[in-house]
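**Student:** Hey, dropping coords_37.txt in here, compact mmCIF, C-alpha atoms and all ligand atoms:
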```
# COMPACT_ATOMS: atom_id res chain seq x y z
CA MET A 18 2.14 25.43 0.24
CA SER A 19 0.65 22.15 -0.99
CA THR A 20 -2.51 20.52 0.34
CA LEU A 21 -2.53 16.85 -0.46
CA LEU A 22 -5.64 14.72 -0.53
CA VAL A 23 -4.21 11.37 0.53
CA THR A 24 -6.81 8.65 0.02
CA GLY A 25 -6.55 5.41 1.98
CA GLY A 26 -4.35 7.16 4.54
CA CYS A 27 -5.54 4.92 7.38
CA GLY A 28 -4.06 1.83 5.73
CA PHE A 29 -0.55 0.46 5.95
CA ILE A 30 1.33 2.47 3.33
CA GLY A 31 -0.85 5.60 3.37
CA SER A 32 -0.38 6.05 7.12
CA ASN A 33 3.40 5.70 6.82
CA PHE A 34 3.35 8.18 3.93
CA ILE A 35 1.36 10.79 5.88
CA ARG A 36 3.59 10.49 8.96
CA HIS A 37 6.69 10.82 6.77
CA LEU A 38 5.44 13.93 4.92
CA LEU A 39 4.23 15.73 8.06
CA ALA A 40 7.62 15.11 9.67
CA THR A 41 9.74 16.19 6.73
CA ASP A 42 7.99 19.06 4.92
CA ARG A 43 6.52 22.08 6.73
CA ALA A 44 5.02 23.32 3.45
CA VAL A 45 2.66 20.35 3.14
CA SER A 46 -0.80 19.91 4.65
CA VAL A 47 -2.56 16.58 4.45
CA ILE A 48 -6.22 15.69 4.21
CA ASN A 49 -6.55 11.98 4.87
CA PHE A 50 -9.66 10.72 3.05
CA ASP A 51 -10.56 7.17 4.04
CA CYS A 52 -13.82 5.28 4.43
CA LEU A 53 -12.33 2.95 7.09
CA THR A 54 -12.83 -0.51 5.67
CA TYR A 55 -11.63 -3.46 7.77
CA ALA A 56 -8.07 -2.43 6.69
CA GLY A 57 -8.42 1.23 7.67
CA ASN A 58 -7.36 1.96 11.23
CA LEU A 59 -7.36 5.44 12.78
CA ALA A 60 -4.95 4.12 15.40
CA ASN A 61 -2.30 4.00 12.65
CA LEU A 62 -2.13 7.80 12.85
CA ALA A 63 -3.04 8.34 16.52
CA ASP A 64 0.27 10.19 17.00
CA VAL A 65 -0.58 12.90 14.43
CA VAL A 66 -4.29 13.28 15.09
CA ASP A 67 -3.78 16.78 16.55
CA HIS A 68 -1.10 17.87 14.11
CA PRO A 69 -1.92 21.39 12.81
CA ARG A 70 -1.32 20.38 9.19
CA TYR A 71 -3.36 17.16 9.35
CA ARG A 72 -7.06 16.54 8.97
CA PHE A 73 -9.00 13.31 8.69
CA VAL A 74 -12.17 13.17 6.61
CA LYS A 75 -14.24 10.01 6.55
CA GLY A 76 -15.26 9.41 2.96
CA ASP A 77 -15.52 6.87 0.18
CA ILE A 78 -13.66 7.40 -3.09
CA THR A 79 -16.58 5.89 -5.02
CA ASP A 80 -18.88 8.64 -3.73
CA ARG A 81 -18.70 11.53 -6.17
CA GLU A 82 -20.19 14.14 -3.82
CA GLN A 83 -17.96 13.21 -0.90
CA VAL A 84 -14.89 13.35 -3.11
CA ARG A 85 -15.88 16.71 -4.62
CA ALA A 86 -16.52 18.15 -1.15
CA ALA A 87 -13.07 16.98 -0.01
CA LEU A 88 -11.40 18.52 -3.09
CA ARG A 89 -13.06 21.86 -2.23
CA LEU A 90 -11.05 22.01 1.01
CA GLY A 91 -8.21 23.63 -0.92
CA VAL A 92 -6.65 20.46 -2.30
CA THR A 93 -3.75 21.06 -4.70
CA ASP A 94 -2.69 17.43 -5.33
CA VAL A 95 -4.17 13.95 -5.02
CA ILE A 96 -2.28 10.81 -3.95
CA ASN A 97 -4.47 7.74 -4.32
CA PHE A 98 -3.53 4.89 -1.98
CA ALA A 99 -7.14 3.81 -1.33
CA ALA A 100 -7.76 0.27 -2.48
CA GLU A 101 -8.93 -3.16 -1.65
CA SER A 102 -5.49 -4.74 -1.45
CA HIS A 103 -5.59 -8.38 -0.43
CA VAL A 104 -5.35 -10.93 -3.28
CA ASP A 105 -7.01 -13.75 -1.31
CA ARG A 106 -10.06 -11.56 -0.62
CA SER A 107 -10.27 -10.69 -4.34
CA ILE A 108 -10.48 -14.41 -5.15
CA GLN A 109 -13.36 -14.81 -2.70
CA ASP A 110 -15.25 -11.76 -4.02
CA SER A 111 -13.96 -9.40 -6.69
CA GLY A 112 -16.92 -6.97 -6.35
CA PRO A 113 -15.37 -4.60 -3.77
CA PHE A 114 -12.12 -4.59 -5.79
CA VAL A 115 -13.79 -3.43 -8.99
CA ARG A 116 -15.86 -0.93 -7.03
CA THR A 117 -13.06 0.76 -5.10
CA ASN A 118 -10.03 0.17 -7.31
CA VAL A 119 -11.63 0.87 -10.71
CA ILE A 120 -14.75 2.96 -10.10
CA GLY A 121 -13.19 4.79 -7.15
CA THR A 122 -10.23 5.74 -9.31
CA GLN A 123 -12.54 6.98 -12.06
CA VAL A 124 -14.46 9.15 -9.57
CA LEU A 125 -11.20 10.58 -8.21
CA LEU A 126 -9.88 11.27 -11.70
CA ASP A 127 -13.04 13.17 -12.65
CA ALA A 128 -12.90 15.20 -9.44
CA ALA A 129 -9.18 15.89 -9.86
CA ARG A 130 -9.84 17.12 -13.39
CA GLU A 131 -12.71 19.36 -12.30
CA GLY A 132 -10.64 20.65 -9.39
CA GLY A 133 -7.64 21.42 -11.60
CA VAL A 134 -5.14 19.64 -9.37
CA LYS A 135 -1.43 20.18 -9.98
CA LYS A 136 -0.53 16.49 -9.75
CA TYR A 137 -2.41 13.22 -9.42
CA VAL A 138 -0.43 10.19 -8.23
CA GLN A 139 -1.89 6.71 -8.67
CA VAL A 140 -0.25 4.23 -6.30
CA SER A 141 -0.27 0.95 -8.22
CA THR A 142 1.54 -2.36 -7.90
CA ASP A 143 4.04 -4.58 -9.71
CA GLU A 144 1.33 -7.25 -9.73
CA VAL A 145 -0.23 -5.60 -12.80
CA TYR A 146 2.68 -7.04 -14.83
CA GLY A 147 1.75 -10.64 -14.01
CA SER A 148 4.29 -13.34 -13.26
CA LEU A 149 7.94 -13.81 -14.31
CA GLY A 150 9.88 -16.99 -15.05
CA ALA A 151 13.26 -17.62 -13.43
CA ASP A 152 14.91 -14.69 -15.28
CA GLY A 153 14.18 -11.07 -16.13
CA PHE A 154 12.62 -8.07 -14.44
CA PHE A 155 9.51 -5.94 -14.83
CA THR A 156 10.31 -2.60 -16.43
CA GLU A 157 7.81 0.20 -17.04
CA ALA A 158 7.54 -1.08 -20.65
CA THR A 159 6.51 -4.61 -19.61
CA PRO A 160 2.99 -5.27 -20.97
CA LEU A 161 0.22 -5.50 -18.37
CA HIS A 162 -0.77 -9.10 -17.69
CA PRO A 163 -2.67 -9.17 -14.40
CA ASN A 164 -3.57 -12.64 -13.11
CA SER A 165 -5.71 -12.06 -10.01
CA PRO A 166 -8.94 -10.07 -9.66
CA TYR A 167 -6.92 -7.69 -7.41
CA SER A 168 -4.20 -7.05 -9.99
CA ALA A 169 -6.78 -6.86 -12.81
CA SER A 170 -8.63 -4.12 -10.93
CA LYS A 171 -5.37 -2.22 -10.32
CA ALA A 172 -4.42 -2.58 -14.00
CA GLY A 173 -7.86 -1.28 -15.02
CA ALA A 174 -7.31 1.75 -12.80
CA ASP A 175 -3.85 2.35 -14.31
CA LEU A 176 -5.32 2.34 -17.82
CA LEU A 177 -7.94 4.90 -16.78
CA VAL A 178 -5.22 7.13 -15.30
CA GLN A 179 -3.23 6.97 -18.53
CA ALA A 180 -6.35 7.69 -20.58
CA TYR A 181 -7.19 10.77 -18.46
CA GLU A 182 -3.64 12.05 -18.86
CA HIS A 183 -3.73 11.48 -22.62
CA THR A 184 -7.28 12.68 -23.30
CA PHE A 185 -7.72 15.51 -20.80
CA GLY A 186 -4.12 16.44 -20.01
CA LEU A 187 -4.59 15.53 -16.34
CA PRO A 188 -1.07 15.78 -14.83
CA ALA A 189 -1.04 12.19 -13.59
CA VAL A 190 1.74 9.74 -12.81
CA ILE A 191 1.61 6.07 -11.81
CA THR A 192 3.89 4.29 -9.34
CA ARG A 193 4.26 0.50 -9.33
CA CYS A 194 5.97 -1.01 -6.32
CA SER A 195 6.89 -4.48 -5.16
CA ASN A 196 5.93 -6.10 -1.81
CA ASN A 197 6.15 -3.71 1.14
CA TYR A 198 6.96 -4.59 4.74
CA GLY A 199 7.21 -2.43 7.85
CA PRO A 200 5.14 -1.11 10.78
CA TYR A 201 1.32 -0.79 10.71
CA GLN A 202 0.69 -3.52 8.12
CA PHE A 203 -2.63 -5.30 8.62
CA PRO A 204 -1.87 -8.73 10.08
CA GLU A 205 -3.47 -10.66 7.22
CA LYS A 206 -0.33 -10.07 5.09
CA LEU A 207 2.64 -12.44 5.29
CA ILE A 208 5.19 -10.70 7.54
CA PRO A 209 2.86 -9.28 10.24
CA LEU A 210 0.73 -12.45 10.18
CA PHE A 211 3.73 -14.71 10.63
CA VAL A 212 5.43 -12.54 13.29
CA THR A 213 2.25 -12.16 15.34
CA ASN A 214 1.53 -15.91 15.11
CA LEU A 215 5.09 -16.95 15.91
CA VAL A 216 5.46 -14.79 19.01
CA ARG A 217 2.48 -16.75 20.39
CA ASP A 218 3.96 -20.10 19.21
CA GLU A 219 1.12 -20.49 16.70
CA PRO A 220 1.72 -22.17 13.29
CA VAL A 221 2.27 -20.24 10.06
CA PRO A 222 0.63 -21.19 6.73
CA VAL A 223 2.94 -21.51 3.69
CA TYR A 224 1.21 -21.69 0.31
CA GLY A 225 2.07 -24.68 -1.94
CA ASP A 226 5.81 -25.39 -2.11
CA GLY A 227 6.73 -21.93 -0.77
CA GLN A 228 8.90 -21.27 -3.83
CA GLN A 229 7.00 -18.14 -4.96
CA VAL A 230 9.51 -15.29 -5.25
CA ARG A 231 8.70 -11.76 -4.05
CA ASP A 232 10.83 -8.61 -4.11
CA TRP A 233 10.69 -6.91 -0.68
CA ILE A 234 10.98 -3.18 0.01
CA HIS A 235 10.68 -1.26 3.26
CA VAL A 236 7.49 0.80 3.37
CA LEU A 237 9.40 4.06 3.96
CA ASP A 238 11.44 3.49 0.82
CA HIS A 239 8.16 3.09 -1.07
CA CYS A 240 6.87 6.29 0.57
CA THR A 241 9.91 8.31 -0.55
CA GLY A 242 9.34 6.87 -4.03
CA VAL A 243 5.71 8.06 -4.10
CA GLU A 244 6.89 11.43 -2.80
CA ALA A 245 9.53 11.68 -5.54
CA ALA A 246 6.94 10.76 -8.19
CA TRP A 247 4.64 13.48 -6.80
CA ARG A 248 7.35 16.14 -6.72
CA ARG A 249 9.36 15.30 -9.85
CA GLY A 250 7.40 12.72 -11.85
CA LYS A 251 6.59 13.65 -15.42
CA PRO A 252 2.86 13.52 -16.27
CA GLY A 253 2.00 10.41 -18.26
CA GLU A 254 4.96 8.44 -16.88
CA VAL A 255 5.07 5.24 -14.86
CA TYR A 256 7.77 4.68 -12.22
CA ASN A 257 8.65 1.27 -10.78
CA PHE A 258 9.94 0.93 -7.21
CA GLY A 259 11.46 -2.18 -5.71
CA GLY A 260 13.90 -3.41 -3.13
CA ARG A 261 16.24 -5.46 -5.35
CA CYS A 262 15.66 -8.08 -2.70
CA GLU A 263 14.17 -11.32 -4.02
CA LYS A 264 13.18 -13.99 -1.52
CA THR A 265 11.11 -17.13 -1.80
CA ASN A 266 8.22 -17.24 0.64
CA LEU A 267 9.80 -20.30 2.25
CA ASP A 268 13.20 -18.61 2.72
CA LEU A 269 11.48 -15.60 4.26
CA THR A 270 9.52 -17.91 6.59
CA LEU A 271 12.72 -19.68 7.68
CA THR A 272 14.39 -16.30 8.33
CA LEU A 273 11.45 -15.22 10.50
CA LEU A 274 11.56 -18.50 12.45
CA ASP A 275 15.31 -18.11 13.02
CA LEU A 276 15.09 -14.45 14.07
CA LEU A 277 12.30 -15.26 16.53
CA GLY A 278 14.02 -18.43 17.75
CA LYS A 279 11.09 -20.68 16.80
CA PRO A 280 11.16 -24.29 15.50
CA ARG A 281 10.48 -25.26 11.87
CA THR A 282 7.70 -27.56 13.08
CA LEU A 283 5.48 -24.44 13.22
CA ILE A 284 5.34 -24.38 9.39
CA ARG A 285 2.05 -25.65 7.92
CA TYR A 286 2.02 -26.19 4.16
CA VAL A 287 -1.43 -25.27 2.83
CA LYS A 288 -3.10 -25.63 -0.59
CA ASP A 289 -1.66 -23.10 -3.01
CA ARG A 290 -3.61 -19.93 -3.87
CA PRO A 291 -5.43 -20.41 -7.22
CA GLY A 292 -3.50 -18.72 -10.06
CA HIS A 293 -0.66 -17.84 -7.67
CA ASP A 294 2.00 -15.73 -9.45
CA ARG A 295 5.39 -17.43 -9.30
CA ARG A 296 7.89 -14.62 -9.37
CA TYR A 297 7.91 -10.82 -9.22
CA ALA A 298 11.08 -8.77 -9.66
CA ILE A 299 11.28 -5.07 -10.36
CA ASP A 300 13.74 -3.00 -12.34
CA CYS A 301 13.64 0.41 -10.64
CA ALA A 302 16.51 2.01 -12.58
CA LYS A 303 14.19 4.59 -14.18
CA ALA A 304 13.08 5.99 -10.79
CA GLU A 305 16.70 6.09 -9.62
CA ARG A 306 17.84 7.85 -12.80
CA GLU A 307 14.94 10.24 -13.44
CA LEU A 308 13.63 10.93 -9.92
CA GLY A 309 16.90 10.69 -8.01
CA TRP A 310 15.23 8.12 -5.74
CA ALA A 311 17.30 5.61 -3.77
CA ARG A 312 16.42 2.96 -1.20
CA GLN A 313 17.73 3.64 2.31
CA THR A 314 16.87 0.48 4.24
CA THR A 315 18.55 -2.90 3.81
CA PHE A 316 16.28 -5.93 4.19
CA ASP A 317 18.22 -7.35 7.15
CA GLN A 318 18.05 -4.09 9.10
CA GLY A 319 14.43 -3.34 8.09
CA LEU A 320 13.15 -6.82 8.89
CA LEU A 321 14.70 -6.79 12.35
CA GLU A 322 13.22 -3.35 13.09
CA THR A 323 9.84 -4.52 11.80
CA ILE A 324 9.83 -7.65 13.96
CA ASN A 325 10.74 -5.53 16.99
CA TRP A 326 7.96 -3.07 16.14
CA TYR A 327 5.30 -5.81 16.07
CA LYS A 328 6.67 -7.24 19.32
CA ALA A 329 6.57 -3.81 20.98
CA ASN A 330 3.09 -2.95 19.70
CA ALA A 331 1.04 -5.79 21.09
CA THR A 332 -1.85 -3.41 21.90
CA TRP A 333 -2.10 -2.31 18.27
CA ILE A 334 -2.22 -5.98 17.18
CA ALA A 335 -4.69 -6.91 19.91
CA GLY A 336 -6.96 -4.01 18.87
CA ILE A 337 -7.08 -5.43 15.36
CA LYS A 338 -7.55 -9.05 16.36
CA THR A 339 -10.50 -8.08 18.56
CA LYS A 340 -11.72 -5.50 16.00
CA ASP A 341 -11.72 -2.83 18.75
CA TYR A 342 -10.12 -0.41 16.32
CA LEU A 343 -13.42 -0.26 14.43
CA THR A 344 -15.06 1.60 17.31
CA TYR A 345 -12.26 3.09 19.46
CA TYR A 346 -11.76 6.29 17.55
CA GLU A 347 -15.24 6.87 16.20
CA ASN A 348 -15.61 10.36 17.61
CA GLN A 349 -12.42 11.64 16.09
CA TYR A 350 -13.40 11.87 12.49
CA ASP A 351 -14.69 14.64 10.36
CA ARG A 352 -17.73 14.01 8.19
CA LEU A 353 -18.25 16.52 5.41
CA GLN A 354 -21.88 15.62 5.00
N1 LIG B 401 1.05 -3.54 0.47
C1 LIG B 401 1.88 -3.68 -0.54
O1 LIG B 401 2.85 -4.45 -0.48
C2 LIG B 401 1.67 -2.87 -1.80
C3 LIG B 401 2.63 -2.93 -2.81
C4 LIG B 401 2.47 -2.13 -3.97
C5 LIG B 401 1.36 -1.33 -4.08
N2 LIG B 401 0.41 -1.30 -3.10
C6 LIG B 401 -0.73 -0.40 -3.28
O2 LIG B 401 -0.60 0.60 -2.29
C7 LIG B 401 -1.89 1.07 -1.86
C8 LIG B 401 -2.01 0.97 -0.35
O3 LIG B 401 -1.79 -0.40 0.03
P1 LIG B 401 -1.87 -0.84 1.57
O4 LIG B 401 -1.11 -2.10 1.70
O5 LIG B 401 -1.56 0.32 2.43
O6 LIG B 401 -3.43 -1.17 1.68
P2 LIG B 401 -4.34 -1.32 2.98
O7 LIG B 401 -5.33 -2.40 2.64
O8 LIG B 401 -3.51 -1.45 4.21
O9 LIG B 401 -5.09 0.08 3.09
C9 LIG B 401 -6.08 0.49 2.18
C10 LIG B 401 -6.78 1.71 2.78
O10 LIG B 401 -7.73 2.18 1.81
C11 LIG B 401 -8.96 2.47 2.48
N3 LIG B 401 -10.06 2.29 1.52
C12 LIG B 401 -10.45 1.13 0.93
N4 LIG B 401 -11.51 1.37 0.13
C13 LIG B 401 -11.77 2.70 0.19
C14 LIG B 401 -12.72 3.55 -0.41
N5 LIG B 401 -13.65 3.06 -1.25
N6 LIG B 401 -12.69 4.87 -0.12
C15 LIG B 401 -11.77 5.38 0.76
N7 LIG B 401 -10.85 4.61 1.37
C16 LIG B 401 -10.84 3.29 1.08
C17 LIG B 401 -9.01 1.46 3.63
O11 LIG B 401 -9.90 1.87 4.65
C18 LIG B 401 -7.56 1.42 4.06
O12 LIG B 401 -7.29 2.43 5.02
C19 LIG B 401 -2.91 0.20 -2.61
O13 LIG B 401 -3.39 0.94 -3.70
C20 LIG B 401 -2.10 -1.01 -3.07
O14 LIG B 401 -2.64 -1.52 -4.27
C21 LIG B 401 0.54 -2.06 -1.97
```
Let me see whether you can do it: turn the structure in this file into structure tokens.
**Tutor:**
Amino acid sequence: MSTLLVTGGCGFIGSNFIRHLLATDRAVSVINFDCLTYAGNLANLADVVDHPRYRFVKGDITDREQVRAALRLGVTDVINFAAESHVDRSIQDSGPFVRTNVIGTQVLLDAAREGGVKKYVQVSTDEVYGSLGADGFFTEATPLHPNSPYSASKAGADLLVQAYEHTFGLPAVITRCSNNYGPYQFPEKLIPLFVTNLVRDEPVPVYGDGQQVRDWIHVLDHCTGVEAAWRRGKPGEVYNFGGRCEKTNLDLTLTLLDLLGKPRTLIRYVKDRPGHDRRYAIDCAKAERELGWARQTTFDQGLLETINWYKANATWIAGIKTKDYLTYYENQYDRLQ
């Protein structure tokens, strides 16, 4: 039996990961440790709140005592999804990014070491590699070259994880994934923002010339990657995950307009993001070869399902837009102190 401390489990990817594990492995219990920032939403896991192998603990990964107390609940493994994750916010104020992504990771690493966990998984991002030209792919050997305060904070965390593995023998692995899409993504990110605007005939903002290239992967394919890295990843190793699905932001926008039957006049070109990375593309052959991981969802199928999910879950969206989710579920959480 494994008891996973999943941090940031009320966010987009963490909530999909928890739902997936509870549904597929009876030998896993999950403690979801999340401090509920603006991006953390208990409604993302409303369907598992009473699951016998699930427990939510409200806590902050930068708080040493809260993290230690959570580890004492019988935790065998740590999966760290908790992060400040939106690049635009990191450009406005990098403080919370350094605090949670770097210091929070350091606190978790210390606690994981003290607690003697069997495996520590750091969920990182392809953005730590920087930007590509027209050719080539990021491999695990690509030097780190983060360009935004967000990616710099994630790269800093990755270096700490590698140092703890090397210095203290902490059994830690790092995953680096490309852009995720799917249900429960906070509607400040491209796909949910555009879908929720377009269904109401509101315009969608496209940065600069829209020619930035991103590699898209369905969130569940990322979740099975993190799971594979937890189960079979070799300590000290990094594993890339991606969708082998490169799209320019403009092409993706046009696809969304077409699928929703909306006119191109809803596109608004806006000033480009400062320091905007031009192209990301991931080589995930190592994860396929060494972890036996494989993507299951094609982009066409996954995008259609995702659009339908946002259309069918108007209450979830409305709860976020009115910030009701910040208070709705307040009584449901477990405070350790
Ligand atoms: N979204 C993507 O496309 C993508 C791609 C690759 C990697 N990642 C990485 O995956 C992880 C999850 O991303 P996401 O998109 O689900 O993010 P998200 O912003 O949707 O969720 C982050 C969660 O972390 C929680 N959190 C933030 N600070 C915390 C703290 N100090 N203590 C405890 N909890 C805290 C928030 O409340 C929220 O529930 C991040 O580490 C991110 O860097 C994301």
**Student:** Considering all atoms listed in the file, return as an NGL selection string whatever protein or nucleic-acid residues lie within 9 Å of stretch 275-285 of chain A, sequence-local ones (same chain, fewer than 6 positions apart) excluded.
**Tutor:** :A and (212 or 215-216 or 218-224 or 321 or 324)
**Student:** Adding 8 Å on each side of the box along x, y and z that holds all listed atoms of ligand LIG 401 (chain B), could you give its centre and edge lengths in Å to one decimal, as JSON?
**Tutor:**
```
{"center_x": -5.4, "center_y": 0.5, "center_z": 0.4, "size_x": 32.5, "size_y": 25.8, "size_z": 25.3}
```
**Student:** How many Å lie between atom CA of A:Thr20 and atom CA of A:Val84, rounded to one decimal?
**Tutor:**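 Result for atom CA of A:Thr20 versus atom CA of A:Val84: 14.7 Å, one decimal.
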**Student:** Within 10 Å of A:Ala128, counting only C-alpha atoms, which residues show up once you throw out same-chain ones fewer than 2 positions away? Write them as a PyMOL selection string, please.
**Tutor:** chain A and resi 81-82+84-89+95+122-126+130-134
**Student:** Please produce a file of the residues just selected, as a PDB file, keeping the file's coordinate frame, where the atoms kept are C-alpha atoms.
**Tutor:**
```pdb
ATOM      1  CA  ARG A  81     -18.700  11.530  -6.170  1.00  0.00           C
ATOM      2  CA  GLU A  82     -20.190  14.140  -3.820  1.00  0.00           C
ATOM      3  CA  VAL A  84     -14.890  13.350  -3.110  1.00  0.00           C
ATOM      4  CA  ARG A  85     -15.880  16.710  -4.620  1.00  0.00           C
ATOM      5  CA  ALA A  86     -16.520  18.150  -1.150  1.00  0.00           C
ATOM      6  CA  ALA A  87     -13.070  16.980  -0.010  1.00  0.00           C
ATOM      7  CA  LEU A  88     -11.400  18.520  -3.090  1.00  0.00           C
ATOM      8  CA  ARG A  89     -13.060  21.860  -2.230  1.00  0.00           C
ATOM      9  CA  VAL A  95      -4.170  13.950  -5.020  1.00  0.00           C
ATOM     10  CA  THR A 122     -10.230   5.740  -9.310  1.00  0.00           C
ATOM     11  CA  GLN A 123     -12.540   6.980 -12.060  1.00  0.00           C
ATOM     12  CA  VAL A 124     -14.460   9.150  -9.570  1.00  0.00           C
ATOM     13  CA  LEU A 125     -11.200  10.580  -8.210  1.00  0.00           C
ATOM     14  CA  LEU A 126      -9.880  11.270 -11.700  1.00  0.00           C
ATOM     15  CA  ARG A 130      -9.840  17.120 -13.390  1.00  0.00           C
ATOM     16  CA  GLU A 131     -12.710  19.360 -12.300  1.00  0.00           C
ATOM     17  CA  GLY A 132     -10.640  20.650  -9.390  1.00  0.00           C
ATOM     18  CA  GLY A 133      -7.640  21.420 -11.600  1.00  0.00           C
ATOM     19  CA  VAL A 134      -5.140  19.640  -9.370  1.00  0.00           C
TER      20      VAL A 134
END
```
**Student:** Hey, what's within 9 Å of A:Ser141 if we count only C-alpha atoms and toss same-chain stuff fewer than 2 positions away? As a PDB file with C-alpha atoms, in the frame of the given file, please?
**Tutor:**
```pdb
ATOM      1  CA  ASN A  97      -4.470   7.740  -4.320  1.00  0.00           C
ATOM      2  CA  PHE A  98      -3.530   4.890  -1.980  1.00  0.00           C
ATOM      3  CA  GLN A 139      -1.890   6.710  -8.670  1.00  0.00           C
ATOM      4  CA  ASP A 143       4.040  -4.580  -9.710  1.00  0.00           C
ATOM      5  CA  GLU A 144       1.330  -7.250  -9.730  1.00  0.00           C
ATOM      6  CA  VAL A 145      -0.230  -5.600 -12.800  1.00  0.00           C
ATOM      7  CA  LYS A 171      -5.370  -2.220 -10.320  1.00  0.00           C
ATOM      8  CA  ALA A 172      -4.420  -2.580 -14.000  1.00  0.00           C
ATOM      9  CA  ALA A 174      -7.310   1.750 -12.800  1.00  0.00           C
ATOM     10  CA  ASP A 175      -3.850   2.350 -14.310  1.00  0.00           C
ATOM     11  CA  ILE A 191       1.610   6.070 -11.810  1.00  0.00           C
ATOM     12  CA  THR A 192       3.890   4.290  -9.340  1.00  0.00           C
ATOM     13  CA  ARG A 193       4.260   0.500  -9.330  1.00  0.00           C
ATOM     14  CA  CYS A 194       5.970  -1.010  -6.320  1.00  0.00           C
TER      15      CYS A 194
END
```
**Student:** Just checking: using all atoms listed in the file, which residue out of A:Leu207, A:Val47, A:Ala40, A:Ala180 ends up closest to ligand LIG 401 (chain B)?
**Tutor:**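 The closest residue to ligand LIG 401 (chain B) is A:Leu207.
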**Student:** Compile the contact shell of stretch 262-267 of chain A as a PyMOL selection string: residues with an atom at most 7 Å away, counting only C-alpha atoms, same-chain residues fewer than 5 positions apart removed.
**Tutor:** chain A and resi 227-233+298
**Student:** Could you tell me how far atom CA of A:Leu271 sits from atom O13 of ligand LIG 401 (chain B), in Å to one decimal place?
**Tutor:** 28.5 Å
**Student:** Output the neighbourhood of ligand LIG 401 (chain B) as a PyMOL selection string, that is, all protein and nucleic acid residues with some atom at most 6 Å from the ligand, counting all atoms listed in the file.
**Tutor:** chain A and resi 24-31+51-54+56-57+76-79+98-102+117+140-142+194-197+203
**Student:** Just to confirm, what's the straight-line distance from atom CA of A:Leu90 to atom CA of A:Val236 in Å (one decimal)?
**Tutor:**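 It comes out at 28.3 Å.
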**Student:** Counting only C-alpha atoms, which residue out of A:Arg296, A:Lys251, A:Arg70, A:His103 sits closest to A:Lys135?
**Tutor:**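 Comparing A:Arg296, A:Lys251, A:Arg70, A:His103 against A:Lys135, the winner is A:Lys251.
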**Student:** I need the residue nearest A:Tyr181 from this list: A:Ala129, A:Ile299, A:Ala151, A:Leu269. Use only C-alpha atoms for the distance.
**Tutor:**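 For A:Tyr181, the nearest of the given residues is A:Ala129.
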**Student:** Under the rule that only C-alpha atoms are counted, which of A:Gln83, A:Asp64, A:Val255, A:Ala329 is the nearest residue to A:Glu182?
**Tutor:** A:Val255
**Student:** Compile a residue-level contact table for stretch 169-270 of chain A against stretch 314-320 of chain A at a cut-off of 10 Å, reporting for every qualifying residue the shortest atom pair and its distance in Å to one decimal, with all atoms listed in the file counted, rows ordered by chain and ascending number, as a tab-separated table.
**Tutor:**
```
residue	atom	partner	partner_atom	distance
A:Tyr198	CA	A:Leu320	CA	7.8
A:Gly199	CA	A:Gly319	CA	7.3
A:Pro200	CA	A:Gly319	CA	9.9
A:Ile208	CA	A:Leu320	CA	9.0
A:Trp233	CA	A:Phe316	CA	7.5
A:Ile234	CA	A:Phe316	CA	7.3
A:His235	CA	A:Gly319	CA	6.5
A:Val236	CA	A:Gly319	CA	9.4
A:Leu237	CA	A:Thr314	CA	8.3
A:Asp238	CA	A:Thr314	CA	7.1
A:Gly260	CA	A:Phe316	CA	8.1
A:Arg261	CA	A:Phe316	CA	9.6
A:Cys262	CA	A:Phe316	CA	7.2
```
**Student:** Rank nothing, just name the residue among A:Arg106, A:Arg217, A:Lys338, A:Arg248 nearest to A:Leu308, using only C-alpha atoms.
**Tutor:**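 Comparing A:Arg106, A:Arg217, A:Lys338, A:Arg248 against A:Leu308, the winner is A:Arg248.
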**Student:** Can you pull stretch 324-331 of chain A out of that block with N, CA and C atoms and hand it back as a PDB file, in the first residue's frame?
**Tutor:**
```
ATOM      1  N   ILE A 324     -13.488  20.732 -25.330  1.00  0.00           N
ATOM      2  CA  ILE A 324     -14.456  21.798 -25.638  1.00  0.00           C
ATOM      3  C   ILE A 324     -15.829  21.399 -25.093  1.00  0.00           C
ATOM      4  N   ASN A 325     -16.208  20.143 -25.332  1.00  0.00           N
ATOM      5  CA  ASN A 325     -17.522  19.693 -24.856  1.00  0.00           C
ATOM      6  C   ASN A 325     -17.599  19.730 -23.341  1.00  0.00           C
ATOM      7  N   TRP A 326     -16.475  19.412 -22.681  1.00  0.00           N
ATOM      8  CA  TRP A 326     -16.458  19.439 -21.211  1.00  0.00           C
ATOM      9  C   TRP A 326     -16.704  20.864 -20.710  1.00  0.00           C
ATOM     10  N   TYR A 327     -16.019  21.847 -21.300  1.00  0.00           N
ATOM     11  CA  TYR A 327     -16.218  23.234 -20.835  1.00  0.00           C
ATOM     12  C   TYR A 327     -17.638  23.718 -21.132  1.00  0.00           C
ATOM     13  N   LYS A 328     -18.183  23.249 -22.270  1.00  0.00           N
ATOM     14  CA  LYS A 328     -19.564  23.647 -22.590  1.00  0.00           C
ATOM     15  C   LYS A 328     -20.549  23.031 -21.593  1.00  0.00           C
ATOM     16  N   ALA A 329     -20.265  21.783 -21.181  1.00  0.00           N
ATOM     17  CA  ALA A 329     -21.193  21.074 -20.289  1.00  0.00           C
ATOM     18  C   ALA A 329     -21.017  21.477 -18.829  1.00  0.00           C
ATOM     19  N   ASN A 330     -19.932  22.177 -18.509  1.00  0.00           N
ATOM     20  CA  ASN A 330     -19.659  22.492 -17.104  1.00  0.00           C
ATOM     21  C   ASN A 330     -19.686  23.996 -16.838  1.00  0.00           C
ATOM     22  N   ALA A 331     -20.758  24.600 -17.309  1.00  0.00           N
ATOM     23  CA  ALA A 331     -20.904  26.050 -17.172  1.00  0.00           C
ATOM     24  C   ALA A 331     -20.917  26.471 -15.695  1.00  0.00           C
TER      25      ALA A 331
END
```
